[in-house]
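The file input_37.cif comes next; it holds mmCIF, C-alpha atoms and all ligand atoms.
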```
data_protein
loop_
_atom_site.group_PDB
_atom_site.id
_atom_site.type_symbol
_atom_site.label_atom_id
_atom_site.label_comp_id
_atom_site.auth_asym_id
_atom_site.auth_seq_id
_atom_site.Cartn_x
_atom_site.Cartn_y
_atom_site.Cartn_z
ATOM 1 C CA MET A 1 -14.507 55.251 30.829
ATOM 2 C CA ILE A 2 -12.422 56.209 33.839
ATOM 3 C CA ASN A 3 -12.325 53.533 36.477
ATOM 4 C CA THR A 4 -10.515 54.654 39.556
ATOM 5 C CA ASN A 5 -11.572 51.569 41.536
ATOM 6 C CA LYS A 6 -9.193 49.384 39.618
ATOM 7 C CA GLN A 7 -5.667 48.670 40.733
ATOM 8 C CA PRO A 8 -3.241 49.985 38.070
ATOM 9 C CA LYS A 9 -1.449 47.111 36.379
ATOM 10 C CA ILE A 10 0.589 46.608 33.219
ATOM 11 C CA THR A 11 1.111 43.286 31.482
ATOM 12 C CA LEU A 12 3.878 43.119 28.867
ATOM 13 C CA VAL A 13 2.763 40.480 26.392
ATOM 14 C CA GLY A 14 4.796 38.942 23.576
ATOM 15 C CA ALA A 15 2.436 38.443 20.646
ATOM 16 C CA GLY A 16 4.654 35.984 18.761
ATOM 17 C CA PRO A 17 6.101 36.294 15.255
ATOM 18 C CA GLY A 18 2.921 37.157 13.334
ATOM 19 C CA ASP A 19 0.792 34.000 13.059
ATOM 20 C CA PRO A 20 -2.081 34.800 15.455
ATOM 21 C CA ASP A 21 -2.133 31.189 16.672
ATOM 22 C CA LEU A 22 1.409 31.587 17.982
ATOM 23 C CA LEU A 23 0.203 33.813 20.810
ATOM 24 C CA THR A 24 0.537 31.983 24.144
ATOM 25 C CA ILE A 25 -2.513 31.008 26.212
ATOM 26 C CA LYS A 26 -1.254 33.227 29.004
ATOM 27 C CA GLY A 27 -0.974 36.146 26.572
ATOM 28 C CA LEU A 28 -4.490 35.507 25.319
ATOM 29 C CA LYS A 29 -5.886 35.468 28.873
ATOM 30 C CA ALA A 30 -4.155 38.777 29.634
ATOM 31 C CA ILE A 31 -5.604 40.426 26.511
ATOM 32 C CA GLN A 32 -9.087 39.157 27.398
ATOM 33 C CA LYS A 33 -8.788 40.914 30.755
ATOM 34 C CA ALA A 34 -7.453 44.215 29.397
ATOM 35 C CA ASP A 35 -9.003 47.625 29.936
ATOM 36 C CA VAL A 36 -6.506 49.171 27.527
ATOM 37 C CA VAL A 37 -4.246 47.618 24.878
ATOM 38 C CA LEU A 38 -1.230 49.377 23.385
ATOM 39 C CA TYR A 39 0.081 47.464 20.374
ATOM 40 C CA ASP A 40 2.869 47.564 17.816
ATOM 41 C CA ALA A 41 3.078 47.229 14.037
ATOM 42 C CA LEU A 42 4.279 43.620 14.065
ATOM 43 C CA VAL A 43 1.377 42.268 16.125
ATOM 44 C CA GLY A 44 -0.827 39.889 14.070
ATOM 45 C CA LYS A 45 -4.103 41.678 13.318
ATOM 46 C CA GLU A 46 -6.317 38.719 14.340
ATOM 47 C CA ILE A 47 -4.819 38.906 17.819
ATOM 48 C CA LEU A 48 -6.552 42.254 18.211
ATOM 49 C CA ASP A 49 -9.901 40.458 17.837
ATOM 50 C CA HIS A 50 -9.377 39.106 21.363
ATOM 51 C CA ILE A 51 -9.473 42.600 22.869
ATOM 52 C CA PRO A 52 -12.709 42.959 24.854
ATOM 53 C CA VAL A 53 -15.411 45.165 23.378
ATOM 54 C CA GLY A 54 -15.232 48.472 25.217
ATOM 55 C CA ALA A 55 -11.513 48.265 25.949
ATOM 56 C CA ILE A 56 -9.398 51.099 24.605
ATOM 57 C CA ARG A 57 -6.971 50.130 21.842
ATOM 58 C CA ILE A 58 -4.049 52.310 20.849
ATOM 59 C CA TYR A 59 -1.664 51.713 17.974
ATOM 60 C CA VAL A 60 1.800 52.861 18.935
ATOM 61 C CA GLY A 61 3.606 51.127 16.091
ATOM 62 C CA LYS A 62 6.807 52.578 14.853
ATOM 63 C CA ARG A 63 8.038 52.179 11.328
ATOM 64 C CA ALA A 64 11.505 53.263 10.208
ATOM 65 C CA ASN A 65 11.595 57.016 9.571
ATOM 66 C CA ASN A 66 7.934 57.355 10.468
ATOM 67 C CA HIS A 67 7.829 57.420 14.242
ATOM 68 C CA ARG A 68 4.335 57.760 15.580
ATOM 69 C CA TYR A 69 5.190 57.676 19.276
ATOM 70 C CA SER A 70 8.595 57.977 20.899
ATOM 71 C CA GLN A 71 9.591 55.422 23.523
ATOM 72 C CA ASP A 72 9.229 58.129 26.196
ATOM 73 C CA GLU A 73 5.696 58.843 25.042
ATOM 74 C CA ILE A 74 4.827 55.133 25.108
ATOM 75 C CA ASN A 75 6.208 54.827 28.651
ATOM 76 C CA GLU A 76 4.108 57.788 29.747
ATOM 77 C CA LEU A 77 0.989 56.433 28.053
ATOM 78 C CA LEU A 78 1.373 53.053 29.758
ATOM 79 C CA VAL A 79 1.538 54.608 33.197
ATOM 80 C CA ARG A 80 -1.169 57.181 32.567
ATOM 81 C CA TYR A 81 -3.634 54.632 31.193
ATOM 82 C CA ALA A 82 -2.934 52.179 34.022
ATOM 83 C CA CYS A 83 -3.694 54.907 36.578
ATOM 84 C CA LEU A 84 -6.846 55.977 34.732
ATOM 85 C CA HIS A 85 -8.288 52.669 33.582
ATOM 86 C CA GLY A 86 -6.705 49.736 35.436
ATOM 87 C CA HIS A 87 -5.215 46.881 33.436
ATOM 88 C CA VAL A 88 -3.063 47.915 30.485
ATOM 89 C CA VAL A 89 -1.753 45.216 28.153
ATOM 90 C CA ARG A 90 1.343 46.199 26.228
ATOM 91 C CA LEU A 91 1.321 43.928 23.194
ATOM 92 C CA LYS A 92 4.615 43.605 21.350
ATOM 93 C CA GLY A 93 5.768 41.567 18.353
ATOM 94 C CA GLY A 94 7.725 38.391 19.122
ATOM 95 C CA ASP A 95 9.134 38.457 22.632
ATOM 96 C CA PRO A 96 9.059 41.753 24.583
ATOM 97 C CA PHE A 97 12.680 41.444 25.710
ATOM 98 C CA VAL A 98 14.275 40.585 22.344
ATOM 99 C CA PHE A 99 15.060 43.936 20.748
ATOM 100 C CA GLY A 100 11.655 44.988 21.986
ATOM 101 C CA ARG A 101 12.441 47.657 24.584
ATOM 102 C CA GLY A 102 10.216 45.770 27.005
ATOM 103 C CA HIS A 103 12.676 46.141 29.823
ATOM 104 C CA GLU A 104 12.645 49.937 29.507
ATOM 105 C CA GLU A 105 8.872 49.852 29.904
ATOM 106 C CA LEU A 106 9.169 47.516 32.880
ATOM 107 C CA MET A 107 11.641 49.879 34.584
ATOM 108 C CA PHE A 108 9.575 52.978 33.882
ATOM 109 C CA ALA A 109 6.395 51.413 35.260
ATOM 110 C CA THR A 110 8.202 50.011 38.294
ATOM 111 C CA ASP A 111 9.670 53.444 39.011
ATOM 112 C CA HIS A 112 6.082 54.706 39.088
ATOM 113 C CA ASP A 113 5.095 51.952 41.541
ATOM 114 C CA ILE A 114 2.916 50.155 39.056
ATOM 115 C CA GLU A 115 2.689 46.380 39.197
ATOM 116 C CA VAL A 116 4.021 44.740 36.029
ATOM 117 C CA ALA A 117 3.523 41.173 34.817
ATOM 118 C CA ILE A 118 5.492 39.707 31.928
ATOM 119 C CA VAL A 119 4.260 37.164 29.415
ATOM 120 C CA PRO A 120 7.089 35.941 27.169
ATOM 121 C CA GLY A 121 6.348 35.524 23.475
ATOM 122 C CA ILE A 122 7.693 33.322 20.714
ATOM 123 C CA SER A 123 10.466 35.381 19.202
ATOM 124 C CA SER A 124 10.756 35.716 15.433
ATOM 125 C CA CYS A 125 14.478 35.008 15.769
ATOM 126 C CA ILE A 126 13.752 31.359 16.555
ATOM 127 C CA ALA A 127 10.300 30.785 15.061
ATOM 128 C CA VAL A 128 10.851 32.286 11.605
ATOM 129 C CA PRO A 129 13.872 30.086 10.707
ATOM 130 C CA GLU A 130 12.180 27.097 12.364
ATOM 131 C CA LEU A 131 9.098 27.417 10.164
ATOM 132 C CA GLN A 132 11.474 27.188 7.174
ATOM 133 C CA GLN A 133 12.743 23.911 8.690
ATOM 134 C CA VAL A 134 16.075 25.552 9.499
ATOM 135 C CA PRO A 135 17.242 24.731 13.039
ATOM 136 C CA LEU A 136 19.352 27.339 14.816
ATOM 137 C CA THR A 137 21.372 24.524 16.339
ATOM 138 C CA ARG A 138 22.105 21.141 14.905
ATOM 139 C CA ARG A 139 24.321 18.598 16.586
ATOM 140 C CA GLY A 140 27.617 18.346 14.740
ATOM 141 C CA VAL A 141 26.993 21.462 12.642
ATOM 142 C CA ASN A 142 27.224 24.358 15.091
ATOM 143 C CA GLU A 143 27.487 25.011 18.790
ATOM 144 C CA SER A 144 25.787 28.352 19.280
ATOM 145 C CA PHE A 145 23.553 30.937 17.724
ATOM 146 C CA TRP A 146 23.829 34.700 17.915
ATOM 147 C CA VAL A 147 20.925 37.065 17.563
ATOM 148 C CA LEU A 148 22.095 40.501 16.478
ATOM 149 C CA THR A 149 20.558 43.775 15.491
ATOM 150 C CA GLY A 150 21.525 45.186 12.121
ATOM 151 C CA THR A 151 20.617 48.638 13.364
ATOM 152 C CA THR A 152 21.972 49.825 16.698
ATOM 153 C CA LYS A 153 20.584 52.851 18.527
ATOM 154 C CA ASP A 154 22.957 54.994 16.476
ATOM 155 C CA GLY A 155 21.589 53.502 13.269
ATOM 156 C CA VAL A 156 24.799 51.666 12.392
ATOM 157 C CA LEU A 157 25.502 47.966 12.020
ATOM 158 C CA SER A 158 26.445 46.258 15.278
ATOM 159 C CA LYS A 159 30.191 45.654 15.643
ATOM 160 C CA ASP A 160 29.268 42.201 16.920
ATOM 161 C CA VAL A 161 28.627 41.112 13.328
ATOM 162 C CA ALA A 162 32.395 41.147 12.701
ATOM 163 C CA VAL A 163 32.974 38.985 15.780
ATOM 164 C CA ALA A 164 30.168 36.567 14.892
ATOM 165 C CA ALA A 165 31.546 36.262 11.355
ATOM 166 C CA GLN A 166 34.674 34.658 12.815
ATOM 167 C CA SER A 167 32.760 31.916 14.606
ATOM 168 C CA SER A 168 30.872 28.811 13.540
ATOM 169 C CA ALA A 169 27.726 30.219 15.129
ATOM 170 C CA THR A 170 24.430 30.540 13.335
ATOM 171 C CA VAL A 171 23.998 34.301 12.972
ATOM 172 C CA VAL A 172 20.467 35.680 13.036
ATOM 173 C CA ILE A 173 20.190 39.365 12.195
ATOM 174 C CA LEU A 174 17.063 41.386 12.903
ATOM 175 C CA MET A 175 16.515 44.831 11.405
ATOM 176 C CA GLY A 176 19.428 44.239 9.049
ATOM 177 C CA LEU A 177 17.939 44.019 5.567
ATOM 178 C CA LYS A 178 19.150 47.433 4.437
ATOM 179 C CA LYS A 179 22.665 46.576 5.597
ATOM 180 C CA ILE A 180 22.975 43.279 3.742
ATOM 181 C CA ARG A 181 25.812 44.537 1.531
ATOM 182 C CA GLU A 182 27.831 45.632 4.556
ATOM 183 C CA ILE A 183 27.068 42.356 6.359
ATOM 184 C CA ALA A 184 28.106 40.263 3.350
ATOM 185 C CA LYS A 185 31.336 42.253 3.043
ATOM 186 C CA ILE A 186 32.260 41.402 6.634
ATOM 187 C CA PHE A 187 31.684 37.683 6.110
ATOM 188 C CA ARG A 188 33.595 37.789 2.817
ATOM 189 C CA LYS A 189 36.539 39.405 4.572
ATOM 190 C CA ASN A 190 36.590 36.370 6.836
ATOM 191 C CA GLY A 191 36.786 34.043 3.853
ATOM 192 C CA ARG A 192 33.189 32.897 4.161
ATOM 193 C CA SER A 193 31.827 33.823 0.743
ATOM 194 C CA ASN A 194 30.103 30.483 0.263
ATOM 195 C CA LEU A 195 28.335 30.355 3.598
ATOM 196 C CA PRO A 196 24.603 29.761 3.044
ATOM 197 C CA VAL A 197 22.194 32.595 3.856
ATOM 198 C CA MET A 198 18.410 32.743 4.105
ATOM 199 C CA VAL A 199 16.246 35.851 4.268
ATOM 200 C CA VAL A 200 12.601 35.553 5.316
ATOM 201 C CA GLU A 201 10.067 38.355 4.976
ATOM 202 C CA ASN A 202 6.875 38.355 7.075
ATOM 203 C CA GLY A 203 7.695 34.942 8.534
ATOM 204 C CA SER A 204 4.832 32.832 9.942
ATOM 205 C CA THR A 205 2.185 34.959 8.185
ATOM 206 C CA GLU A 206 0.231 34.487 4.952
ATOM 207 C CA LYS A 207 2.589 37.003 3.353
ATOM 208 C CA GLU A 208 5.706 34.974 4.143
ATOM 209 C CA ARG A 209 8.371 34.929 1.412
ATOM 210 C CA SER A 210 11.938 33.737 1.547
ATOM 211 C CA VAL A 211 15.109 33.624 -0.515
ATOM 212 C CA LEU A 212 18.155 31.407 -0.226
ATOM 213 C CA GLY A 213 21.691 32.057 -1.370
ATOM 214 C CA THR A 214 25.237 32.453 -0.154
ATOM 215 C CA ILE A 215 27.132 35.428 1.211
ATOM 216 C CA ASN A 216 28.134 36.116 -2.407
ATOM 217 C CA THR A 217 24.660 35.883 -3.942
ATOM 218 C CA ILE A 218 22.156 36.920 -1.270
ATOM 219 C CA GLU A 219 22.052 40.638 -2.042
ATOM 220 C CA ASN A 220 21.168 39.863 -5.645
ATOM 221 C CA GLU A 221 18.426 37.453 -4.515
ATOM 222 C CA ILE A 222 16.943 40.097 -2.217
ATOM 223 C CA VAL A 223 16.892 42.723 -4.965
ATOM 224 C CA LYS A 224 15.620 40.313 -7.623
ATOM 225 C CA ASN A 225 12.742 39.139 -5.420
ATOM 226 C CA LYS A 226 12.046 42.581 -3.943
ATOM 227 C CA ILE A 227 12.272 41.259 -0.385
ATOM 228 C CA SER A 228 11.322 43.949 2.104
ATOM 229 C CA THR A 229 10.845 44.453 5.837
ATOM 230 C CA PRO A 230 10.077 42.970 8.288
ATOM 231 C CA ALA A 231 12.716 40.436 7.419
ATOM 232 C CA ILE A 232 15.139 38.205 9.213
ATOM 233 C CA ILE A 233 18.582 37.192 7.940
ATOM 234 C CA VAL A 234 19.956 33.786 8.895
ATOM 235 C CA ILE A 235 23.589 33.055 8.111
ATOM 236 C CA GLY A 236 25.359 29.776 8.766
ATOM 237 C CA ALA A 237 25.873 26.149 7.856
ATOM 238 C CA VAL A 238 22.438 25.204 9.252
ATOM 239 C CA VAL A 239 20.827 27.098 6.348
ATOM 240 C CA GLY A 240 22.293 24.337 4.160
ATOM 241 C CA LEU A 241 19.703 22.031 5.794
ATOM 242 C CA HIS A 242 16.824 23.935 4.153
ATOM 243 C CA PRO A 243 14.666 21.491 2.158
ATOM 244 C CA ASN A 244 14.461 23.749 -0.920
ATOM 245 C CA LEU A 245 18.107 24.310 -1.839
ATOM 246 C CA ASN A 246 18.427 24.368 -5.628
ATOM 247 C CA GLU A 247 21.076 22.337 -7.442
ATOM 248 C CA LYS A 248 23.283 25.384 -8.043
ATOM 249 C CA LEU A 249 23.357 26.202 -4.353
ATOM 250 C CA LYS A 250 23.964 22.549 -3.444
ATOM 251 C CA THR A 251 26.978 22.539 -5.774
ATOM 252 C CA VAL A 252 28.406 25.699 -4.185
ATOM 253 C CA LEU A 253 27.891 24.174 -0.742
ATOM 254 C CA GLY A 254 29.550 20.942 -1.823
ATOM 255 C CA MET A 255 26.280 19.101 -1.344
ATOM 256 C CA ALA A 256 25.595 18.000 -4.914
ATOM 257 C CA ASN A 257 24.258 14.428 -5.153
ATOM 258 C CA LYS A 258 23.404 14.457 -1.465
HETATM 259 N N1 LIG B 301 10.725 41.435 19.720
HETATM 260 C C1 LIG B 301 10.720 40.962 18.352
HETATM 261 C C2 LIG B 301 11.786 41.633 17.509
HETATM 262 C C3 LIG B 301 11.594 43.127 17.381
HETATM 263 S S1 LIG B 301 12.762 43.862 16.302
HETATM 264 C C4 LIG B 301 10.863 39.436 18.346
HETATM 265 O O1 LIG B 301 11.178 38.847 19.383
HETATM 266 O O2 LIG B 301 10.617 38.848 17.307
HETATM 267 C C5 LIG B 301 11.862 43.858 14.794
HETATM 268 C C6 LIG B 301 12.567 42.995 13.780
HETATM 269 O O3 LIG B 301 12.309 41.620 14.023
HETATM 270 C C7 LIG B 301 12.124 43.201 12.346
HETATM 271 O O4 LIG B 301 12.744 44.315 11.750
HETATM 272 C C8 LIG B 301 12.576 41.910 11.706
HETATM 273 O O5 LIG B 301 13.968 41.916 11.493
HETATM 274 C C9 LIG B 301 12.269 40.914 12.799
HETATM 275 N N2 LIG B 301 10.930 40.307 12.650
HETATM 276 C C10 LIG B 301 9.930 40.370 13.531
HETATM 277 N N3 LIG B 301 8.861 39.658 13.094
HETATM 278 C C11 LIG B 301 9.236 39.125 11.910
HETATM 279 C C12 LIG B 301 8.596 38.279 10.957
HETATM 280 N N4 LIG B 301 7.367 37.822 11.149
HETATM 281 N N5 LIG B 301 9.288 37.911 9.849
HETATM 282 C C13 LIG B 301 10.549 38.339 9.647
HETATM 283 N N6 LIG B 301 11.194 39.139 10.508
HETATM 284 C C14 LIG B 301 10.562 39.518 11.618
#
```
Show me this structure written as structure tokens.
Ligand code: SAH
Amino acid sequence: MINTNKQPKITLVGAGPGDPDLLTIKGLKAIQKADVVLYDALVGKEILDHIPVGAIRIYVGKRANNHRYSQDEINELLVRYACLHGHVVRLKGGDPFVFGRGHEELMFATDHDIEVAIVPGISSCIAVPELQQVPLTRRGVNESFWVLTGTTKDGVLSKDVAVAAQSSATVVILMGLKKIREIAKIFRKNGRSNLPVMVVENGSTEKERSVLGTINTIENEIVKNKISTPAIIVIGAVVGLHPNLNEKLKTVLGMANK
């Protein structure tokens, strides 16, 4: 239905890490008022149940090596649908501005004189470790956390990993599962072979699985348990606070009998 009476508007909504209840109230209200919803692969399916009957829903999810829509096409769609139908909600996994290309969409829409509202979401980078009871910061253990992409726009590992590996920061790597060997090598080079590492697949959802290990053992754990994407890698002393460390890992971390 084409509704030219409506003011074009785009709301960028962060859908949270996967658990549909981790959508914000503001995000929910925006979806309930949508004429069109464009959503990604990592958006919890139950969240789509909030889309009003009669609203247009378009899946623009991208999966590695299987691009359905390019970013340019998504930008165009957002603007076109806003002009044709009114309120477009752009629903993105986690937070729209954390490796989510939300800012590119904001700029494109603004350049086309379309009003844009932003609803932050709970990012997987914080929520997924947290749900494993692993804090990104812990007084006395670390003083910062870094959130890095394992896959830059050129498809290579970010050079920042080598810098982060020299610090005491908690290092959270998104989109890095396939580069775990390369990542581990960098940490090993910095003499950090026994640093604890956690990898969580499908965090916050019913399909959540996780493995624990050290820089030396994590690749083996991933292969053994067939961990696949979407997955988050957390590296740092705070991972040693996980409640399910086995005795072997506790010994390596010097935590036996603790
Ligand atoms: N904007 C999103 C991140 C987009 S990048 C956010 O703020 O969460 C996509 C990457 O995020 C995935 O490849 C994976 O590394 C990570 N990711 C997102 N949701 C996840 C989940 N539920 N469990 C594990 N990793 C997740």
Worksheet item: Care to translate the PyMOL selection byres (((chain A and resi 25-35) around 7) and not hetatm) into actual residues of this file, as a list in words?
Response: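 This file, filtered by the PyMOL selection byres (((chain A and resi 25-35) around 7) and not hetatm), leaves Val13, Leu23, Thr24, Val36, Val37, His50, Ile51, Pro52, Ala55, Ile56, His85, Gly86, His87, Val88, Val89 and Val119 of chain A.
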Item to complete: Determine the residue membership of the PyMOL selection byres (((not hetatm)) within 7 of (chain B and resi 301)) for the file above and supply it as a ChimeraX atom specification.
Response: /A:16-18,42,92-100,122-125,128,173-176,200-205,229-232
Fill in: Ground truth for the PyMOL selection byres (((chain A and resi 59) around 8) and not hetatm), written as a list in words
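Given this file, the PyMOL selection byres (((chain A and resi 59) around 8) and not hetatm) evaluates to Leu38, Tyr39, Asp40, Ala41, Arg57, Ile58, Val60 and Gly61 of chain A.
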Keeping only C-alpha atoms, write the selected residues to a file as a short mmCIF file (atom, residue, chain, number, x, y, z; two decimals), keeping the file's coordinate frame.
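This is the output file part_34.cif:
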```
data_model
loop_
_atom_site.label_atom_id
_atom_site.label_comp_id
_atom_site.auth_asym_id
_atom_site.auth_seq_id
_atom_site.Cartn_x
_atom_site.Cartn_y
_atom_site.Cartn_z
CA LEU A 38 -1.23 49.38 23.38
CA TYR A 39 0.08 47.46 20.37
CA ASP A 40 2.87 47.56 17.82
CA ALA A 41 3.08 47.23 14.04
CA ARG A 57 -6.97 50.13 21.84
CA ILE A 58 -4.05 52.31 20.85
CA VAL A 60 1.80 52.86 18.93
CA GLY A 61 3.61 51.13 16.09
#
```
Worksheet item: Do you have the CA of Pro120 in chain A-CA of Leu12 in chain A distance handy?
Response: 8.0 Å
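Of the listed residues (A:Asn5, A:Ile114, A:Val172, A:Leu84), A:Val172 comes nearest to Glu130 in chain A; the distances count all atoms listed in the file.
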Fill in: range 211-223 of chain A surroundings by only C-alpha atoms, 7 Å radius, close-in-sequence under 5 positions cut, as a ChimeraX atom specification
/A:180-181,184,193-200,249
Practice prompt. Check the smallest atom-to-atom distance from each of A:Thr110, A:Ser70, A:Gln132, A:Gln7 to Asn244 in chain A using only C-alpha atoms, then report the winner.
Written response: A:Gln132
Discussion item. Using Å and a single decimal, report how far CA of Asp19 in chain A sits from CA of Val156 in chain A.
Written reply: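 Between CA of Val156 in chain A and CA of Asp19 in chain A the gap is 29.8 Å.
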Worksheet entry | Straight-line distance linking CA of Gly191 in chain A with CA of Val239 in chain A, stated in Å to one decimal | 17.6 Å
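Residues in contact range of Ala237 in chain A, defined as at most 10 Å between only C-alpha atoms, with sequence neighbours fewer than 3 positions away removed, read Val134, Leu136, Thr137, Arg138, Val141, Asn142, Ser168, Ala169, Thr170, Val171, Asn194, Leu195, Pro196, Val197, Val234, Gly240, Leu241 and Leu253 of chain A.
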Practice prompt. Write out as a PyMOL selection string which residues come within 10 Å of Gln71 in chain A when counting only C-alpha atoms, dropping same-chain ones fewer than 3 positions away.
Written response: chain A and resi 60+62+67-68+74-77+101+104-105
Discussion item. Under the rule that only C-alpha atoms are counted, which of A:Ala164, A:Gly121, A:Leu78, A:Lys178 is the nearest residue to Pro20 in chain A?
Written reply: A:Gly121
Determine the axis-aligned bounding box of all atoms of range 209-213 of chain A present in the file, pad each side by 6 Å, and express its centre and edge lengths in Å to one decimal place as AutoDock Vina command-line options.
```
--center_x 15.0 --center_y 33.2 --center_z 0.1 --size_x 25.3 --size_y 15.5 --size_z 14.9
```
Discussion item. Restricting the calculation to all atoms listed in the file: of A:Ala165, A:Val79, A:Val252, A:Val53, which residue gets closest to Asp113 in chain A?
Written reply: A:Val79
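Closest approach to Pro135 in chain A among A:Ala15, A:Ile235, A:Val161, A:Leu48: A:Ile235, based on all atoms listed in the file.
Each of A:Leu177, A:Arg80, A:Phe108, A:Ile233 was checked against Trp146 in chain A using only C-alpha atoms; the smallest atom-to-atom distance is that of A:Ile233.
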